[in-house]
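Shown next: coords24.cif, containing mmCIF, N, CA and C atoms.
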```
data_start
loop_
_atom_site.group_PDB
_atom_site.id
_atom_site.type_symbol
_atom_site.label_atom_id
_atom_site.label_comp_id
_atom_site.auth_asym_id
_atom_site.auth_seq_id
_atom_site.Cartn_x
_atom_site.Cartn_y
_atom_site.Cartn_z
ATOM 1 N N MET A 1054 4.433 0.901 15.670
ATOM 2 C CA MET A 1054 3.843 0.667 14.361
ATOM 3 C C MET A 1054 4.031 -0.813 14.015
ATOM 4 N N ILE A 1055 2.965 -1.402 13.518
ATOM 5 C CA ILE A 1055 3.011 -2.801 13.088
ATOM 6 C C ILE A 1055 2.604 -2.861 11.621
ATOM 7 N N VAL A 1056 3.364 -3.598 10.831
ATOM 8 C CA VAL A 1056 3.019 -3.805 9.426
ATOM 9 C C VAL A 1056 2.771 -5.290 9.202
ATOM 10 N N GLU A 1057 1.891 -5.580 8.278
ATOM 11 C CA GLU A 1057 1.578 -6.961 7.924
ATOM 12 C C GLU A 1057 1.507 -7.092 6.420
ATOM 13 N N VAL A 1058 1.943 -8.236 5.920
ATOM 14 C CA VAL A 1058 1.859 -8.542 4.489
ATOM 15 C C VAL A 1058 0.791 -9.608 4.294
ATOM 16 N N ASN A 1059 -0.154 -9.326 3.414
ATOM 17 C CA ASN A 1059 -1.138 -10.325 3.020
ATOM 18 C C ASN A 1059 -0.490 -11.149 1.910
ATOM 19 N N GLN A 1060 0.028 -12.309 2.268
ATOM 20 C CA GLN A 1060 0.774 -13.122 1.303
ATOM 21 C C GLN A 1060 -0.105 -13.661 0.179
ATOM 22 N N GLU A 1061 -1.402 -13.730 0.399
ATOM 23 C CA GLU A 1061 -2.291 -14.186 -0.675
ATOM 24 C C GLU A 1061 -2.313 -13.195 -1.827
ATOM 25 N N ASP A 1062 -2.096 -11.916 -1.519
ATOM 26 C CA ASP A 1062 -2.101 -10.885 -2.557
ATOM 27 C C ASP A 1062 -0.702 -10.517 -3.038
ATOM 28 N N CYS A 1063 0.317 -10.969 -2.318
ATOM 29 C CA CYS A 1063 1.704 -10.631 -2.675
ATOM 30 C C CYS A 1063 2.067 -11.236 -4.023
ATOM 31 N N MET A 1064 2.717 -10.412 -4.875
ATOM 32 C CA MET A 1064 3.133 -10.902 -6.183
ATOM 33 C C MET A 1064 4.632 -11.161 -6.255
ATOM 34 N N GLY A 1065 5.324 -11.034 -5.129
ATOM 35 C CA GLY A 1065 6.737 -11.380 -5.068
ATOM 36 C C GLY A 1065 7.656 -10.437 -5.819
ATOM 37 N N CYS A 1066 7.304 -9.172 -5.891
ATOM 38 C CA CYS A 1066 8.097 -8.218 -6.680
ATOM 39 C C CYS A 1066 9.381 -7.773 -5.983
ATOM 40 N N GLU A 1067 9.490 -8.034 -4.686
ATOM 41 C CA GLU A 1067 10.672 -7.716 -3.882
ATOM 42 C C GLU A 1067 10.868 -6.224 -3.632
ATOM 43 N N SER A 1068 9.827 -5.420 -3.830
ATOM 44 C CA SER A 1068 10.008 -3.988 -3.589
ATOM 45 C C SER A 1068 10.074 -3.660 -2.103
ATOM 46 N N CYS A 1069 9.320 -4.345 -1.256
ATOM 47 C CA CYS A 1069 9.320 -3.979 0.167
ATOM 48 C C CYS A 1069 10.682 -4.199 0.830
ATOM 49 N N PRO A 1070 11.376 -5.328 0.604
ATOM 50 C CA PRO A 1070 12.705 -5.424 1.207
ATOM 51 C C PRO A 1070 13.709 -4.456 0.567
ATOM 52 N N ALA A 1071 13.448 -4.031 -0.655
ATOM 53 C CA ALA A 1071 14.323 -3.026 -1.266
ATOM 54 C C ALA A 1071 14.175 -1.687 -0.541
ATOM 55 N N PHE A 1072 12.951 -1.351 -0.137
ATOM 56 C CA PHE A 1072 12.701 -0.121 0.610
ATOM 57 C C PHE A 1072 13.145 -0.232 2.068
ATOM 58 N N CYS A 1073 12.887 -1.381 2.684
ATOM 59 C CA CYS A 1073 13.102 -1.518 4.127
ATOM 60 C C CYS A 1073 13.543 -2.941 4.487
ATOM 61 N N PRO A 1074 14.802 -3.284 4.232
ATOM 62 C CA PRO A 1074 15.275 -4.645 4.512
ATOM 63 C C PRO A 1074 15.342 -4.979 5.999
ATOM 64 N N GLU A 1075 15.256 -3.966 6.853
ATOM 65 C CA GLU A 1075 15.275 -4.206 8.294
ATOM 66 C C GLU A 1075 13.965 -4.799 8.791
ATOM 67 N N VAL A 1076 12.914 -4.706 7.985
ATOM 68 C CA VAL A 1076 11.580 -5.167 8.396
ATOM 69 C C VAL A 1076 11.030 -6.264 7.488
ATOM 70 N N PHE A 1077 11.318 -6.175 6.196
ATOM 71 C CA PHE A 1077 10.753 -7.117 5.220
ATOM 72 C C PHE A 1077 11.834 -8.020 4.633
ATOM 73 N N ARG A 1078 11.437 -9.224 4.300
ATOM 74 C CA ARG A 1078 12.311 -10.161 3.575
ATOM 75 C C ARG A 1078 11.426 -11.056 2.725
ATOM 76 N N MET A 1079 12.056 -11.775 1.835
ATOM 77 C CA MET A 1079 11.337 -12.701 0.965
ATOM 78 C C MET A 1079 11.455 -14.113 1.533
ATOM 79 N N THR A 1080 10.369 -14.861 1.460
ATOM 80 C CA THR A 1080 10.379 -16.248 1.932
ATOM 81 C C THR A 1080 10.948 -17.152 0.845
ATOM 82 N N ASN A 1081 11.144 -18.397 1.179
ATOM 83 C CA ASN A 1081 11.602 -19.382 0.190
ATOM 84 C C ASN A 1081 10.575 -19.578 -0.920
ATOM 85 N N ASP A 1082 9.319 -19.244 -0.640
ATOM 86 C CA ASP A 1082 8.248 -19.345 -1.636
ATOM 87 C C ASP A 1082 8.201 -18.128 -2.548
ATOM 88 N N GLY A 1083 9.079 -17.135 -2.306
ATOM 89 C CA GLY A 1083 9.113 -15.948 -3.150
ATOM 90 C C GLY A 1083 8.109 -14.879 -2.767
ATOM 91 N N LEU A 1084 7.573 -14.970 -1.544
ATOM 92 C CA LEU A 1084 6.609 -13.984 -1.071
ATOM 93 C C LEU A 1084 7.233 -13.145 0.033
ATOM 94 N N ALA A 1085 6.749 -11.930 0.187
ATOM 95 C CA ALA A 1085 7.261 -11.045 1.224
ATOM 96 C C ALA A 1085 6.705 -11.430 2.583
ATOM 97 N N GLU A 1086 7.512 -11.174 3.624
ATOM 98 C CA GLU A 1086 7.053 -11.348 4.987
ATOM 99 C C GLU A 1086 7.693 -10.292 5.869
ATOM 100 N N VAL A 1087 7.030 -10.025 6.978
ATOM 101 C CA VAL A 1087 7.550 -9.116 7.991
ATOM 102 C C VAL A 1087 8.301 -9.981 8.994
ATOM 103 N N TYR A 1088 9.542 -9.615 9.302
ATOM 104 C CA TYR A 1088 10.285 -10.384 10.285
ATOM 105 C C TYR A 1088 10.729 -9.545 11.479
ATOM 106 N N THR A 1089 10.407 -8.263 11.491
ATOM 107 C CA THR A 1089 10.705 -7.406 12.627
ATOM 108 C C THR A 1089 9.425 -6.678 13.007
ATOM 109 N N THR A 1090 8.903 -7.000 14.163
ATOM 110 C CA THR A 1090 7.673 -6.353 14.612
ATOM 111 C C THR A 1090 7.727 -6.157 16.116
ATOM 112 N N PRO A 1091 7.385 -5.016 16.610
ATOM 113 C CA PRO A 1091 6.970 -3.841 15.858
ATOM 114 C C PRO A 1091 8.130 -3.241 15.079
ATOM 115 N N VAL A 1092 7.798 -2.359 14.156
ATOM 116 C CA VAL A 1092 8.808 -1.699 13.332
ATOM 117 C C VAL A 1092 9.619 -0.763 14.224
ATOM 118 N N PRO A 1093 10.946 -0.879 14.216
ATOM 119 C CA PRO A 1093 11.757 0.057 14.993
ATOM 120 C C PRO A 1093 11.497 1.495 14.541
ATOM 121 N N SER A 1094 11.507 2.409 15.474
ATOM 122 C CA SER A 1094 11.158 3.801 15.157
ATOM 123 C C SER A 1094 12.044 4.378 14.062
ATOM 124 N N GLU A 1095 13.298 3.995 14.011
ATOM 125 C CA GLU A 1095 14.198 4.522 12.979
ATOM 126 C C GLU A 1095 13.910 3.956 11.591
ATOM 127 N N CYS A 1096 13.053 2.937 11.502
ATOM 128 C CA CYS A 1096 12.699 2.323 10.221
ATOM 129 C C CYS A 1096 11.282 2.657 9.765
ATOM 130 N N GLU A 1097 10.550 3.432 10.553
ATOM 131 C CA GLU A 1097 9.151 3.693 10.230
ATOM 132 C C GLU A 1097 8.971 4.392 8.886
ATOM 133 N N GLU A 1098 9.802 5.365 8.590
ATOM 134 C CA GLU A 1098 9.663 6.082 7.318
ATOM 135 C C GLU A 1098 9.900 5.136 6.140
ATOM 136 N N ALA A 1099 10.930 4.306 6.224
ATOM 137 C CA ALA A 1099 11.216 3.351 5.147
ATOM 138 C C ALA A 1099 10.092 2.322 5.019
ATOM 139 N N ALA A 1100 9.513 1.904 6.140
ATOM 140 C CA ALA A 1100 8.399 0.951 6.091
ATOM 141 C C ALA A 1100 7.187 1.580 5.408
ATOM 142 N N ARG A 1101 6.929 2.855 5.688
ATOM 143 C CA ARG A 1101 5.817 3.554 5.025
ATOM 144 C C ARG A 1101 6.075 3.657 3.515
ATOM 145 N N GLU A 1102 7.310 3.901 3.133
ATOM 146 C CA GLU A 1102 7.655 3.942 1.713
ATOM 147 C C GLU A 1102 7.414 2.582 1.068
ATOM 148 N N ALA A 1103 7.719 1.518 1.795
ATOM 149 C CA ALA A 1103 7.475 0.167 1.272
ATOM 150 C C ALA A 1103 5.985 -0.069 1.055
ATOM 151 N N VAL A 1104 5.171 0.394 1.997
ATOM 152 C CA VAL A 1104 3.718 0.257 1.861
ATOM 153 C C VAL A 1104 3.230 1.010 0.629
ATOM 154 N N GLN A 1105 3.688 2.246 0.479
ATOM 155 C CA GLN A 1105 3.264 3.068 -0.648
ATOM 156 C C GLN A 1105 3.792 2.541 -1.974
ATOM 157 N N GLY A 1106 4.962 1.908 -1.952
ATOM 158 C CA GLY A 1106 5.580 1.424 -3.180
ATOM 159 C C GLY A 1106 5.153 0.029 -3.601
ATOM 160 N N CYS A 1107 4.321 -0.613 -2.793
ATOM 161 C CA CYS A 1107 3.901 -1.987 -3.097
ATOM 162 C C CYS A 1107 2.881 -1.982 -4.243
ATOM 163 N N PRO A 1108 3.211 -2.570 -5.391
ATOM 164 C CA PRO A 1108 2.277 -2.576 -6.513
ATOM 165 C C PRO A 1108 1.053 -3.468 -6.277
ATOM 166 N N ALA A 1109 1.166 -4.418 -5.365
ATOM 167 C CA ALA A 1109 0.041 -5.307 -5.072
ATOM 168 C C ALA A 1109 -0.849 -4.751 -3.956
ATOM 169 N N HIS A 1110 -0.412 -3.686 -3.298
ATOM 170 C CA HIS A 1110 -1.160 -3.077 -2.195
ATOM 171 C C HIS A 1110 -1.529 -4.113 -1.141
ATOM 172 N N CYS A 1111 -0.552 -4.952 -0.787
ATOM 173 C CA CYS A 1111 -0.831 -6.044 0.138
ATOM 174 C C CYS A 1111 -0.211 -5.846 1.522
ATOM 175 N N ILE A 1112 0.317 -4.650 1.792
ATOM 176 C CA ILE A 1112 0.919 -4.370 3.082
ATOM 177 C C ILE A 1112 0.030 -3.385 3.832
ATOM 178 N N SER A 1113 -0.273 -3.717 5.081
ATOM 179 C CA SER A 1113 -1.095 -2.821 5.892
ATOM 180 C C SER A 1113 -0.290 -2.332 7.103
ATOM 181 N N ILE A 1114 -0.693 -1.157 7.586
ATOM 182 C CA ILE A 1114 -0.041 -0.538 8.743
ATOM 183 C C ILE A 1114 -1.063 -0.401 9.866
ATOM 184 N N GLU A 1115 -0.614 -0.736 11.072
ATOM 185 C CA GLU A 1115 -1.394 -0.475 12.277
ATOM 186 C C GLU A 1115 -0.545 0.416 13.170
ATOM 187 N N GLU A 1116 -1.049 1.583 13.458
ATOM 188 C CA GLU A 1116 -0.287 2.552 14.273
ATOM 189 C C GLU A 1116 -0.346 2.186 15.732
#
```
Go ahead and express the file in the form of structure tokens.
Amino acid sequence: MIVEVNQEDCMGCESCPAFCPEVFRMTNDGLAEVYTTPVPSECEEAAREAVQGCPAHCISIEE
């Protein structure tokens, strides 16, 4: 599973690293980024929760 953050749409709410800090982090610019790809199998459920919990809907999943 691969996840991507569209930083142009990211509002910097920090919800994705709260759901899945093993995959997402915030940049110095205050935007989310993916730093672990592909998503480890043990983190897939948390990554999906991050996608669903994103208020900006800027995270996409590729299976």
Would you mind telling me which residue in A:Ala1085, A:Val1076, A:Cys1063, A:Cys1069 lies nearest to Cys1111 of chain A when using only N, CA and C atoms?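 Closest residue, counting only N, CA and C atoms: A:Cys1063.
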Select from chain A everything DSSP, run on the backbone, classes as strand (DSSP E), then give the selection as a list in words.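 Of chain A, the ones in strand (DSSP E) are Ile1055, Val1056, Glu1057, Val1058, Phe1077, Arg1078, Met1079, Ala1085, Glu1086, Val1087, Ile1112, Ser1113, Ile1114 and Glu1115 of chain A.
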Which parts of chain A does DSSP call alpha helix (DSSP H) when run on the backbone here, written out as a PDB file with N, CA and C atoms, in the coordinates of the input?
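Ended up saving to out01.pdb:
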```pdb
ATOM      1  N   SER A1068       9.827  -5.420  -3.830  1.00  0.00           N
ATOM      2  CA  SER A1068      10.008  -3.988  -3.589  1.00  0.00           C
ATOM      3  C   SER A1068      10.074  -3.660  -2.103  1.00  0.00           C
ATOM      4  N   CYS A1069       9.320  -4.345  -1.256  1.00  0.00           N
ATOM      5  CA  CYS A1069       9.320  -3.979   0.167  1.00  0.00           C
ATOM      6  C   CYS A1069      10.682  -4.199   0.830  1.00  0.00           C
ATOM      7  N   PRO A1070      11.376  -5.328   0.604  1.00  0.00           N
ATOM      8  CA  PRO A1070      12.705  -5.424   1.207  1.00  0.00           C
ATOM      9  C   PRO A1070      13.709  -4.456   0.567  1.00  0.00           C
ATOM     10  N   ALA A1071      13.448  -4.031  -0.655  1.00  0.00           N
ATOM     11  CA  ALA A1071      14.323  -3.026  -1.266  1.00  0.00           C
ATOM     12  C   ALA A1071      14.175  -1.687  -0.541  1.00  0.00           C
ATOM     13  N   PHE A1072      12.951  -1.351  -0.137  1.00  0.00           N
ATOM     14  CA  PHE A1072      12.701  -0.121   0.610  1.00  0.00           C
ATOM     15  C   PHE A1072      13.145  -0.232   2.068  1.00  0.00           C
ATOM     16  N   GLU A1097      10.550   3.432  10.553  1.00  0.00           N
ATOM     17  CA  GLU A1097       9.151   3.693  10.230  1.00  0.00           C
ATOM     18  C   GLU A1097       8.971   4.392   8.886  1.00  0.00           C
ATOM     19  N   GLU A1098       9.802   5.365   8.590  1.00  0.00           N
ATOM     20  CA  GLU A1098       9.663   6.082   7.318  1.00  0.00           C
ATOM     21  C   GLU A1098       9.900   5.136   6.140  1.00  0.00           C
ATOM     22  N   ALA A1099      10.930   4.306   6.224  1.00  0.00           N
ATOM     23  CA  ALA A1099      11.216   3.351   5.147  1.00  0.00           C
ATOM     24  C   ALA A1099      10.092   2.322   5.019  1.00  0.00           C
ATOM     25  N   ALA A1100       9.513   1.904   6.140  1.00  0.00           N
ATOM     26  CA  ALA A1100       8.399   0.951   6.091  1.00  0.00           C
ATOM     27  C   ALA A1100       7.187   1.580   5.408  1.00  0.00           C
ATOM     28  N   ARG A1101       6.929   2.855   5.688  1.00  0.00           N
ATOM     29  CA  ARG A1101       5.817   3.554   5.025  1.00  0.00           C
ATOM     30  C   ARG A1101       6.075   3.657   3.515  1.00  0.00           C
ATOM     31  N   GLU A1102       7.310   3.901   3.133  1.00  0.00           N
ATOM     32  CA  GLU A1102       7.655   3.942   1.713  1.00  0.00           C
ATOM     33  C   GLU A1102       7.414   2.582   1.068  1.00  0.00           C
ATOM     34  N   ALA A1103       7.719   1.518   1.795  1.00  0.00           N
ATOM     35  CA  ALA A1103       7.475   0.167   1.272  1.00  0.00           C
ATOM     36  C   ALA A1103       5.985  -0.069   1.055  1.00  0.00           C
ATOM     37  N   VAL A1104       5.171   0.394   1.997  1.00  0.00           N
ATOM     38  CA  VAL A1104       3.718   0.257   1.861  1.00  0.00           C
ATOM     39  C   VAL A1104       3.230   1.010   0.629  1.00  0.00           C
ATOM     40  N   GLN A1105       3.688   2.246   0.479  1.00  0.00           N
ATOM     41  CA  GLN A1105       3.264   3.068  -0.648  1.00  0.00           C
ATOM     42  C   GLN A1105       3.792   2.541  -1.974  1.00  0.00           C
ATOM     43  N   GLY A1106       4.962   1.908  -1.952  1.00  0.00           N
ATOM     44  CA  GLY A1106       5.580   1.424  -3.180  1.00  0.00           C
ATOM     45  C   GLY A1106       5.153   0.029  -3.601  1.00  0.00           C
TER      46      GLY A1106
END
```
Test item: the PyMOL selection byres ((chain A and resi 1065) around 5) resolved as a PDB file with N, CA and C atoms, keeping the file's coordinate frame:
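Heads up, here's the output in selection_14.pdb:
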```pdb
ATOM      1  N   CYS A1063       0.317 -10.969  -2.318  1.00  0.00           N
ATOM      2  CA  CYS A1063       1.704 -10.631  -2.675  1.00  0.00           C
ATOM      3  C   CYS A1063       2.067 -11.236  -4.023  1.00  0.00           C
ATOM      4  N   MET A1064       2.717 -10.412  -4.875  1.00  0.00           N
ATOM      5  CA  MET A1064       3.133 -10.902  -6.183  1.00  0.00           C
ATOM      6  C   MET A1064       4.632 -11.161  -6.255  1.00  0.00           C
ATOM      7  N   CYS A1066       7.304  -9.172  -5.891  1.00  0.00           N
ATOM      8  CA  CYS A1066       8.097  -8.218  -6.680  1.00  0.00           C
ATOM      9  C   CYS A1066       9.381  -7.773  -5.983  1.00  0.00           C
ATOM     10  N   GLU A1067       9.490  -8.034  -4.686  1.00  0.00           N
ATOM     11  CA  GLU A1067      10.672  -7.716  -3.882  1.00  0.00           C
ATOM     12  C   GLU A1067      10.868  -6.224  -3.632  1.00  0.00           C
ATOM     13  N   GLY A1083       9.079 -17.135  -2.306  1.00  0.00           N
ATOM     14  CA  GLY A1083       9.113 -15.948  -3.150  1.00  0.00           C
ATOM     15  C   GLY A1083       8.109 -14.879  -2.767  1.00  0.00           C
ATOM     16  N   LEU A1084       7.573 -14.970  -1.544  1.00  0.00           N
ATOM     17  CA  LEU A1084       6.609 -13.984  -1.071  1.00  0.00           C
ATOM     18  C   LEU A1084       7.233 -13.145   0.033  1.00  0.00           C
TER      19      LEU A1084
END
```
Looking at A:Thr1089, A:Glu1061, A:Ile1114, A:Asn1081, which one is nearest to Arg1101 of chain A, with distances taken over only C-alpha atoms?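 Looking only at the distances to Arg1101 of chain A, the closest residue turns out to be A:Ile1114.
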To one decimal in Å, tell me the separation between atom N of Cys1096 of chain A and atom C of Glu1057 of chain A. 16.1 Å
Which polymer residues have any atom within 6 Å of an atom of Phe1077 of chain A, counting all atoms listed in the file, with same-chain residues fewer than 3 positions away left out, as a list in words? Cys1069, Pro1070, Cys1073, Pro1074, Glu1086, Val1087, Tyr1088 and Thr1089 of chain A
Calculated over only C-alpha atoms, which of the candidates A:Glu1116, A:Val1058, A:Ser1068, A:Arg1078 has the smallest distance to Glu1097 of chain A?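 Looking only at the distances to Glu1097 of chain A, the closest residue turns out to be A:Glu1116.
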Residue nearest Gln1105 of chain A - candidates A:Ile1055, A:Phe1072, A:Met1079, A:Gln1060, atoms counted: only C-alpha atoms: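 Looking only at the distances to Gln1105 of chain A, the closest residue turns out to be A:Phe1072.
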Could you tell me, as a list of chain:residue names, exactly which residues end up selected when the PyMOL selection byres (((chain A and resi 1092 and name CA) around 6) and name CA) is applied to this structure?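 Selection result, ordered by chain and number: A:Met1054, A:Ile1055, A:Thr1090, A:Pro1091, A:Pro1093.
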As a short mmCIF file (atom, residue, chain, number, x, y, z; two decimals), keeping the file's coordinate frame, could you write out segment 1071-1089 of chain A once it has been completed with N, CA, C and O atoms?
```
data_model
loop_
_atom_site.label_atom_id
_atom_site.label_comp_id
_atom_site.auth_asym_id
_atom_site.auth_seq_id
_atom_site.Cartn_x
_atom_site.Cartn_y
_atom_site.Cartn_z
N ALA A 1071 13.45 -4.03 -0.66
CA ALA A 1071 14.32 -3.03 -1.27
C ALA A 1071 14.18 -1.69 -0.54
O ALA A 1071 15.16 -0.98 -0.33
N PHE A 1072 12.95 -1.35 -0.14
CA PHE A 1072 12.70 -0.12 0.61
C PHE A 1072 13.14 -0.23 2.07
O PHE A 1072 13.68 0.71 2.63
N CYS A 1073 12.89 -1.38 2.68
CA CYS A 1073 13.10 -1.52 4.13
C CYS A 1073 13.54 -2.94 4.49
O CYS A 1073 12.76 -3.73 5.02
N PRO A 1074 14.80 -3.28 4.23
CA PRO A 1074 15.28 -4.64 4.51
C PRO A 1074 15.34 -4.98 6.00
O PRO A 1074 15.45 -6.15 6.36
N GLU A 1075 15.26 -3.97 6.85
CA GLU A 1075 15.28 -4.21 8.29
C GLU A 1075 13.96 -4.80 8.79
O GLU A 1075 13.90 -5.35 9.88
N VAL A 1076 12.91 -4.71 7.98
CA VAL A 1076 11.58 -5.17 8.40
C VAL A 1076 11.03 -6.26 7.49
O VAL A 1076 10.38 -7.19 7.96
N PHE A 1077 11.32 -6.18 6.20
CA PHE A 1077 10.75 -7.12 5.22
C PHE A 1077 11.83 -8.02 4.63
O PHE A 1077 12.97 -7.60 4.46
N ARG A 1078 11.44 -9.22 4.30
CA ARG A 1078 12.31 -10.16 3.58
C ARG A 1078 11.43 -11.06 2.72
O ARG A 1078 10.21 -11.10 2.89
N MET A 1079 12.06 -11.78 1.84
CA MET A 1079 11.34 -12.70 0.96
C MET A 1079 11.46 -14.11 1.53
O MET A 1079 12.51 -14.51 2.03
N THR A 1080 10.37 -14.86 1.46
CA THR A 1080 10.38 -16.25 1.93
C THR A 1080 10.95 -17.15 0.84
O THR A 1080 11.15 -16.73 -0.29
N ASN A 1081 11.14 -18.40 1.18
CA ASN A 1081 11.60 -19.38 0.19
C ASN A 1081 10.58 -19.58 -0.92
O ASN A 1081 10.91 -20.02 -2.01
N ASP A 1082 9.32 -19.24 -0.64
CA ASP A 1082 8.25 -19.34 -1.64
C ASP A 1082 8.20 -18.13 -2.55
O ASP A 1082 7.35 -18.05 -3.43
N GLY A 1083 9.08 -17.14 -2.31
CA GLY A 1083 9.11 -15.95 -3.15
C GLY A 1083 8.11 -14.88 -2.77
O GLY A 1083 7.83 -13.98 -3.56
N LEU A 1084 7.57 -14.97 -1.54
CA LEU A 1084 6.61 -13.98 -1.07
C LEU A 1084 7.23 -13.14 0.03
O LEU A 1084 8.12 -13.60 0.75
N ALA A 1085 6.75 -11.93 0.19
CA ALA A 1085 7.26 -11.04 1.22
C ALA A 1085 6.70 -11.43 2.58
O ALA A 1085 5.59 -11.94 2.69
N GLU A 1086 7.51 -11.17 3.62
CA GLU A 1086 7.05 -11.35 4.99
C GLU A 1086 7.69 -10.29 5.87
O GLU A 1086 8.75 -9.75 5.54
N VAL A 1087 7.03 -10.02 6.98
CA VAL A 1087 7.55 -9.12 7.99
C VAL A 1087 8.30 -9.98 8.99
O VAL A 1087 7.77 -10.98 9.47
N TYR A 1088 9.54 -9.62 9.30
CA TYR A 1088 10.28 -10.38 10.28
C TYR A 1088 10.73 -9.54 11.48
O TYR A 1088 11.33 -10.08 12.41
N THR A 1089 10.41 -8.26 11.49
CA THR A 1089 10.70 -7.41 12.63
C THR A 1089 9.43 -6.68 13.01
O THR A 1089 8.92 -5.87 12.24
#
```
